[in-house]
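Down below is the structure, laid out as structure tokens.
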Amino acid sequence: MFKHESIETNSGLLIVLTLVAISIGGLVEIVPLHYINETVEDVKDPATGLEVVRPYTPLEQRGRDIYIREGCYTCHSQMIRPFRDEDLRYGHYSLAAESKYDHPFQWGSKRTGPDLARVGGKYSNEWQVQHLKAPRSVVPESIMPNYPWLTETDLDLSDLQDRMVALKRVGVPYSQTTVEYEDNVKKFGEEVAKKLDINQAEANLIAQAKAGNYDGNPNNISEMDALVAYLQVLGTMVDFKKFDEDHFIQFR
Amino acid sequence: MATPVKDPLTGAETTGHVWDDSLQEFNNPLPRWWLWTFYGTIIFTILYWVMYPSWPIGNTYLKGIGNDITYKTDAGEEKTTHWNMRALLAHDMQNGAEAIKQQEYLAKVGAASYEQIAQDPDMSSFVRSYGVGMFGDNCAACHQSGGQGVVGQFPNLVDDDWLWGGDTTAIENTIRHGRLGYMPAYSKTFDETQLNQVANYVLTLSGEPAVDAAAAAEGQKIFQGQAGGCYMCHTKEGTGMHAQGSANLTDKVWTIANLPAAETPEAKLEAVKAVIHNGVKRQMPVFGKDGRNLSDTEIKVLVAYLQQMSGGATAQ
């Protein structure tokens, strides 16, 4: 009557069967997402047919590294859920396609601070810099810590290419060969493809930092330059005015 | 294999396991309510599988039956689809009671004049509740949540002093098209003496005591003459021009030089000198088309909200 006894008295078997039992939930919920066609939306510019969601430029990607290093994700999520209150506060709900090049993704559910999925372009660079250095100087009721060292620390570029190669291995289409570059030209257009070329990473990063001058100091490329460049691109790649809402509903 | 045994003392069944010679365990059945709740959750699960998107099948999935959602596309076409959060949101934004009410009010405010909004208690309170969210989202980052601004950086919106004009048309323009506040730096034009003279004069304009009265008299000549040309934007009287966004220097309101924080006349003079020396360059972003893309109605709500916030005083 108690067949359990044979399991309970055999710890090896118990471990194996426990793992099988608890894996089922994950397997059933996660694995199919890789096979279901509608999981990641198809977001191509209606006019040009090019992909509008692109991998981060080297500068933005380094900013993202700093975002993760400083633990911004412990208080800020990056996913707007499809609810009316979220739509009204943060803007259009996040698409799966918008974080398809994020490794690791920054969705999160802990919102001590506001969601940042669409913070790009919402504030000026000057505001972002001031706010990161001393949040309470612009938002008195804020409880965010100060990050004054970001403007004073030069951005480390030594392992820039290695970082991009690592991301390429997990599926981010940065290009190393001419063939890969040509693929990117077809997929994203020439202008974007140039920025995704690992061989040109450092030159691209410096050019973007100089042109953007995100931290207000043209003489150096600081960690602040990178972080603000990253924040300013968040949620801005898809121009929702170009799409009928219906397009995104069809993917669910 | 252990066999169930009846415990001689209580008559209850035990599991039959025996540990340490004599330790045994009662085999008490689960309470009925618990067991039936458990069966109930299993039945609920099956209903849920049938009604809502559930099991994956190849590269698609069961989409659920019996609770389709109808929504309108942006193109105006009516569509019905299986239950999903995105369609539900579209439906909610189009048909939800609050959403419809909000759209009605927005349409009403959009069609009304500012006087009508101010006089209608319903529209006023709508503007107050909708506007506080819009202000928090779009304006408070710079002008602060109370609209008090930051001296030296972002103008105060709750006083009666308006750099670019305080009537509704002017405020609308400011929000829609943004503003570029600019005063040239006089670092190259003025030497130290001239800078001191002009700054002394500027102090006297708003009734502050001059640190050096003789210098102030000289400063007046520079201010009102070609040497400085200050009058071209600030006017001969120093009252400023809304068309240029040039500050009125004769009142006690200071938006760039932080005079309220300066305690001594000398400190005040230094603060004014710094502004003249460095000039001013401030930008208010575009919130209309090509900027943050607020609709005309949203801009109207913001203007009406600002009117309420600044105590209704929008006089020029």
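Identifiers for the structure tokens are assigned positionally: chains receive A, B, ... in sequence, residues are indexed from 1 per chain, and ligands are indexed from 1 in the order shown.
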
*Would you return as number ranges by chain the members of range 24-250 of chain A that DSSP assigns to helix (DSSP H, G or I) on this structure's backbone?*
A: 24-34, 58-69, 72-74, 84-90, 96-99, 125-133, 135-137, 149-152, 160-169, 178-188, 190-195, 198-212, 223-233, 240-242, 245-249

*Which residues come within 12 Å of Ile221 in chain A, counting only C-alpha atoms, excluding same-chain residues fewer than 4 positions away, as JSON, numbers by chain?*
{"A": [59, 62, 63, 150, 151, 152, 153, 154, 155, 156, 157, 202, 205, 206, 207, 208, 209, 210, 211, 212, 213, 214, 215, 216, 217, 225, 226, 227, 228, 229]}

Write a file of the selected residues as a compact mmCIF listing (two decimals), in the first residue's frame, keeping N, CA, C and O atoms.
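After the write, result-v2.txt holds the following:
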```txt
# COMPACT_ATOMS: atom_id res chain seq x y z
N LEU A 59 28.67 52.38 -26.84
CA LEU A 59 28.55 53.31 -25.71
C LEU A 59 27.33 52.96 -24.85
O LEU A 59 27.41 52.91 -23.62
N ARG A 62 27.97 49.81 -22.86
CA ARG A 62 28.80 50.05 -21.68
C ARG A 62 27.98 50.75 -20.59
O ARG A 62 28.17 50.49 -19.41
N GLY A 63 27.08 51.61 -21.01
CA GLY A 63 26.18 52.26 -20.05
C GLY A 63 25.31 51.23 -19.36
O GLY A 63 25.05 51.32 -18.16
N LEU A 150 30.26 58.83 -11.09
CA LEU A 150 30.11 58.50 -12.51
C LEU A 150 30.73 59.55 -13.42
O LEU A 150 31.32 59.23 -14.44
N THR A 151 30.59 60.84 -13.04
CA THR A 151 31.17 61.89 -13.88
C THR A 151 32.69 61.93 -13.75
O THR A 151 33.38 62.38 -14.65
N GLU A 152 33.20 61.46 -12.59
CA GLU A 152 34.63 61.59 -12.34
C GLU A 152 35.42 60.38 -12.84
O GLU A 152 36.65 60.43 -12.92
N THR A 153 34.72 59.29 -13.15
CA THR A 153 35.42 58.07 -13.53
C THR A 153 35.42 57.92 -15.05
O THR A 153 34.37 57.93 -15.67
N ASP A 154 36.64 57.79 -15.61
CA ASP A 154 36.72 57.56 -17.05
C ASP A 154 36.19 56.18 -17.39
O ASP A 154 36.40 55.22 -16.63
N LEU A 155 35.53 56.10 -18.51
CA LEU A 155 34.96 54.82 -18.94
C LEU A 155 36.08 53.88 -19.35
O LEU A 155 36.99 54.25 -20.10
N ASP A 156 36.03 52.65 -18.84
CA ASP A 156 37.05 51.66 -19.16
C ASP A 156 36.72 51.03 -20.52
O ASP A 156 35.69 50.40 -20.69
N LEU A 157 37.62 51.24 -21.48
CA LEU A 157 37.38 50.73 -22.83
C LEU A 157 38.23 49.50 -23.15
O LEU A 157 38.17 48.97 -24.25
N GLU A 202 35.58 50.81 -30.73
CA GLU A 202 36.12 51.92 -29.95
C GLU A 202 35.91 53.25 -30.67
O GLU A 202 35.49 54.24 -30.06
N LEU A 205 32.33 54.21 -30.33
CA LEU A 205 32.00 54.66 -28.97
C LEU A 205 32.47 56.10 -28.77
O LEU A 205 31.72 56.96 -28.29
N ILE A 206 33.71 56.37 -29.19
CA ILE A 206 34.26 57.71 -29.00
C ILE A 206 33.46 58.73 -29.81
O ILE A 206 33.11 59.80 -29.31
N ALA A 207 33.12 58.35 -31.05
CA ALA A 207 32.37 59.28 -31.90
C ALA A 207 31.02 59.62 -31.27
O ALA A 207 30.61 60.78 -31.23
N GLN A 208 30.32 58.59 -30.76
CA GLN A 208 29.00 58.85 -30.16
C GLN A 208 29.12 59.70 -28.90
O GLN A 208 28.32 60.62 -28.68
N ALA A 209 30.13 59.41 -28.09
CA ALA A 209 30.30 60.17 -26.85
C ALA A 209 30.64 61.63 -27.16
O ALA A 209 30.16 62.55 -26.49
N LYS A 210 31.47 61.85 -28.18
CA LYS A 210 31.85 63.23 -28.54
C LYS A 210 30.64 63.98 -29.10
O LYS A 210 30.40 65.13 -28.75
N ALA A 211 29.91 63.30 -29.98
CA ALA A 211 28.77 63.97 -30.61
C ALA A 211 27.66 64.23 -29.59
O ALA A 211 27.04 65.29 -29.59
N GLY A 212 27.45 63.26 -28.70
CA GLY A 212 26.35 63.40 -27.74
C GLY A 212 26.72 64.27 -26.55
O GLY A 212 25.88 64.98 -26.01
N ASN A 213 27.99 64.22 -26.14
CA ASN A 213 28.47 64.95 -24.95
C ASN A 213 27.46 64.84 -23.81
O ASN A 213 27.00 65.83 -23.26
N TYR A 214 27.13 63.61 -23.47
CA TYR A 214 26.03 63.36 -22.55
C TYR A 214 26.25 63.95 -21.16
O TYR A 214 25.33 64.37 -20.50
N ASP A 215 27.51 63.96 -20.68
CA ASP A 215 27.73 64.42 -19.31
C ASP A 215 28.07 65.91 -19.24
O ASP A 215 28.36 66.44 -18.17
N GLY A 216 28.05 66.59 -20.39
CA GLY A 216 28.31 68.03 -20.40
C GLY A 216 29.78 68.37 -20.33
O GLY A 216 30.15 69.54 -20.32
N ASN A 217 30.65 67.37 -20.28
CA ASN A 217 32.09 67.63 -20.27
C ASN A 217 32.70 67.04 -21.53
O ASN A 217 32.86 65.82 -21.65
N ASP A 225 28.74 59.51 -19.27
CA ASP A 225 28.43 59.56 -20.70
C ASP A 225 27.71 58.29 -21.14
O ASP A 225 26.68 58.32 -21.81
N ALA A 226 28.30 57.15 -20.74
CA ALA A 226 27.76 55.87 -21.17
C ALA A 226 26.38 55.62 -20.57
O ALA A 226 25.44 55.23 -21.27
N LEU A 227 26.25 55.87 -19.26
CA LEU A 227 24.98 55.57 -18.60
C LEU A 227 23.85 56.44 -19.15
O LEU A 227 22.75 55.97 -19.41
N VAL A 228 24.14 57.73 -19.36
CA VAL A 228 23.09 58.62 -19.87
C VAL A 228 22.74 58.24 -21.31
O VAL A 228 21.56 58.23 -21.69
N ALA A 229 23.76 57.85 -22.11
CA ALA A 229 23.47 57.41 -23.48
C ALA A 229 22.53 56.21 -23.45
O ALA A 229 21.60 56.11 -24.25
```

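Minimum atom-to-atom distances from A:Thr74, A:Ser11, A:Thr236, A:Thr112 to chain B were compared using only C-alpha atoms, and the lowest value belongs to A:Thr236.
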
With chain A as the partner and 9 Å as the cut-off, tabulate the residues of chain B that qualify, each row holding the nearest pair of atoms and their distance in Å to one decimal, using only C-alpha atoms, sorted by chain and rising number, as a Markdown table.
```
| residue | atom | partner | partner_atom | distance |
| --- | --- | --- | --- | --- |
| B:Met1 | CA | A:Phe2 | CA | 6.9 |
| B:Ala2 | CA | A:Phe2 | CA | 7.2 |
| B:Thr3 | CA | A:Met1 | CA | 7.5 |
| B:Pro4 | CA | A:Met1 | CA | 8.7 |
| B:Thr15 | CA | A:Phe2 | CA | 8.6 |
| B:Trp55 | CA | A:Val28 | CA | 8.1 |
| B:Pro56 | CA | A:Pro32 | CA | 6.1 |
| B:Ile57 | CA | A:Pro32 | CA | 8.2 |
| B:Gly58 | CA | A:Tyr35 | CA | 7.0 |
| B:Asn59 | CA | A:Ile36 | CA | 4.1 |
| B:Thr60 | CA | A:Ile36 | CA | 5.0 |
| B:Tyr61 | CA | A:Ile36 | CA | 7.4 |
| B:Tyr71 | CA | A:Asp246 | CA | 9.0 |
| B:Lys72 | CA | A:Asp246 | CA | 8.1 |
| B:Thr73 | CA | A:Asp246 | CA | 5.2 |
| B:Asp74 | CA | A:Asp244 | CA | 5.4 |
| B:Ala75 | CA | A:Asp244 | CA | 7.1 |
| B:Lys79 | CA | A:Asp246 | CA | 8.9 |
| B:Thr81 | CA | A:Gln250 | CA | 8.5 |
| B:His82 | CA | A:Arg252 | CA | 8.6 |
| B:Trp83 | CA | A:Arg252 | CA | 8.7 |
| B:Asn84 | CA | A:Arg252 | CA | 6.2 |
| B:Met85 | CA | A:Pro82 | CA | 6.3 |
| B:Arg86 | CA | A:Ile249 | CA | 5.5 |
| B:Ala87 | CA | A:Ile249 | CA | 5.8 |
| B:Leu88 | CA | A:Pro82 | CA | 8.5 |
| B:Leu89 | CA | A:Phe83 | CA | 5.9 |
| B:Ala90 | CA | A:Glu245 | CA | 8.2 |
| B:Asp92 | CA | A:Arg84 | CA | 7.3 |
| B:Met93 | CA | A:Arg84 | CA | 6.8 |
| B:Ala99 | CA | A:Arg84 | CA | 8.8 |
| B:Gly133 | CA | A:Arg89 | CA | 8.1 |
| B:Met134 | CA | A:Arg89 | CA | 9.0 |
| B:Asp137 | CA | A:Arg89 | CA | 7.6 |
| B:Asn138 | CA | A:Lys122 | CA | 8.0 |
| B:Ala140 | CA | A:Val139 | CA | 8.1 |
| B:Ala141 | CA | A:Val138 | CA | 6.5 |
| B:Cys142 | CA | A:Val138 | CA | 6.5 |
| B:His143 | CA | A:Val138 | CA | 8.5 |
| B:Gln144 | CA | A:Val139 | CA | 6.7 |
| B:Ser145 | CA | A:Val139 | CA | 7.8 |
| B:Val150 | CA | A:Val138 | CA | 8.1 |
| B:Pro285 | CA | A:Ser124 | CA | 8.3 |
| B:Arg292 | CA | A:Lys122 | CA | 7.7 |
```

Just write the chosen residues, C-alpha atoms, as an mmCIF file, in the first residue's frame.
```cif
data_model
loop_
_atom_site.group_PDB
_atom_site.id
_atom_site.type_symbol
_atom_site.label_atom_id
_atom_site.label_comp_id
_atom_site.auth_asym_id
_atom_site.auth_seq_id
_atom_site.Cartn_x
_atom_site.Cartn_y
_atom_site.Cartn_z
ATOM 1 C CA MET B 1 6.258 -3.050 3.168
ATOM 2 C CA ALA B 2 4.586 -1.779 6.287
ATOM 3 C CA THR B 3 0.980 -2.772 6.891
ATOM 4 C CA PRO B 4 -1.505 -0.454 8.600
ATOM 5 C CA THR B 15 0.704 4.103 9.002
ATOM 6 C CA TRP B 55 -1.234 24.526 -23.549
ATOM 7 C CA PRO B 56 1.421 24.912 -26.220
ATOM 8 C CA ILE B 57 0.942 22.809 -29.341
ATOM 9 C CA GLY B 58 3.890 22.877 -31.714
ATOM 10 C CA ASN B 59 4.487 26.476 -32.687
ATOM 11 C CA THR B 60 1.134 27.721 -31.467
ATOM 12 C CA TYR B 61 -1.045 27.206 -28.407
ATOM 13 C CA TYR B 71 -11.724 45.995 -29.854
ATOM 14 C CA LYS B 72 -11.245 48.667 -32.489
ATOM 15 C CA THR B 73 -8.020 48.979 -34.447
ATOM 16 C CA ASP B 74 -6.473 52.416 -34.932
ATOM 17 C CA ALA B 75 -7.845 52.277 -38.454
ATOM 18 C CA LYS B 79 -12.005 42.999 -34.467
ATOM 19 C CA THR B 81 -9.906 37.906 -30.866
ATOM 20 C CA HIS B 82 -9.188 35.245 -28.277
ATOM 21 C CA TRP B 83 -8.632 36.481 -24.727
ATOM 22 C CA ASN B 84 -5.288 38.240 -24.233
ATOM 23 C CA MET B 85 -3.969 41.126 -22.152
ATOM 24 C CA ARG B 86 -3.220 43.406 -25.098
ATOM 25 C CA ALA B 87 -6.686 43.134 -26.603
ATOM 26 C CA LEU B 88 -8.120 43.539 -23.112
ATOM 27 C CA LEU B 89 -6.136 46.769 -22.654
ATOM 28 C CA ALA B 90 -7.318 48.092 -26.024
ATOM 29 C CA ASP B 92 -10.485 48.809 -21.679
ATOM 30 C CA MET B 93 -9.042 52.014 -23.151
ATOM 31 C CA ALA B 99 -11.756 55.632 -19.874
ATOM 32 C CA GLY B 133 -0.585 63.676 -13.217
ATOM 33 C CA MET B 134 0.418 65.479 -16.400
ATOM 34 C CA ASP B 137 4.985 63.466 -15.608
ATOM 35 C CA ASN B 138 6.084 66.342 -17.805
ATOM 36 C CA ALA B 140 7.864 68.463 -12.193
ATOM 37 C CA ALA B 141 11.266 67.061 -13.130
ATOM 38 C CA CYS B 142 12.474 70.647 -13.618
ATOM 39 C CA HIS B 143 9.856 72.956 -12.136
ATOM 40 C CA GLN B 144 9.462 70.678 -9.062
ATOM 41 C CA SER B 145 6.318 68.970 -7.916
ATOM 42 C CA VAL B 150 14.839 75.995 -8.649
ATOM 43 C CA PRO B 285 11.875 71.612 -24.249
ATOM 44 C CA ARG B 292 6.975 65.256 -26.369
#
```

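With only C-alpha atoms taken into account, the protein and nucleic acid residues at most 7 Å from Asp197 in chain A (excluding it and anything under 6 positions from it in its own chain) are Tyr174, Ser175, Gln176 and Tyr181 of chain A.
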
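Using only C-alpha atoms for every distance, the candidate list A:Leu116, A:Val16, A:Val53, A:Val43 yields A:Leu116 as the residue closest to Tyr73 in chain A.
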
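When only C-alpha atoms are used to compute distances to Lys133 in chain A, the closest of the residues A:Glu8, A:Glu223, A:Asp162, A:Glu51 turns out to be A:Glu223.
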
*Would you mind listing what lies within 12 Å of Gln307 in chain B as an NGL selection string, with only C-alpha atoms counted and same-chain residues fewer than 2 positions away left out?*
:B and (114-115 or 117-118 or 124 or 127-128 or 131 or 147 or 157-160 or 166-169 or 171-172 or 300-305 or 309-315)

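If you look at CA of Gly113 in chain A and CA of His76 in chain A, they are 5.3 Å away from each other.
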
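Between CA of Glu191 in chain A and CA of Lys241 in chain A lies a distance of 22.0 Å.
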
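Within range 107-202 of chain B, DSSP run on the backbone puts these residues in strand (DSSP E): Arg179, Leu180, Gly181, Tyr182 and Met183 of chain B.
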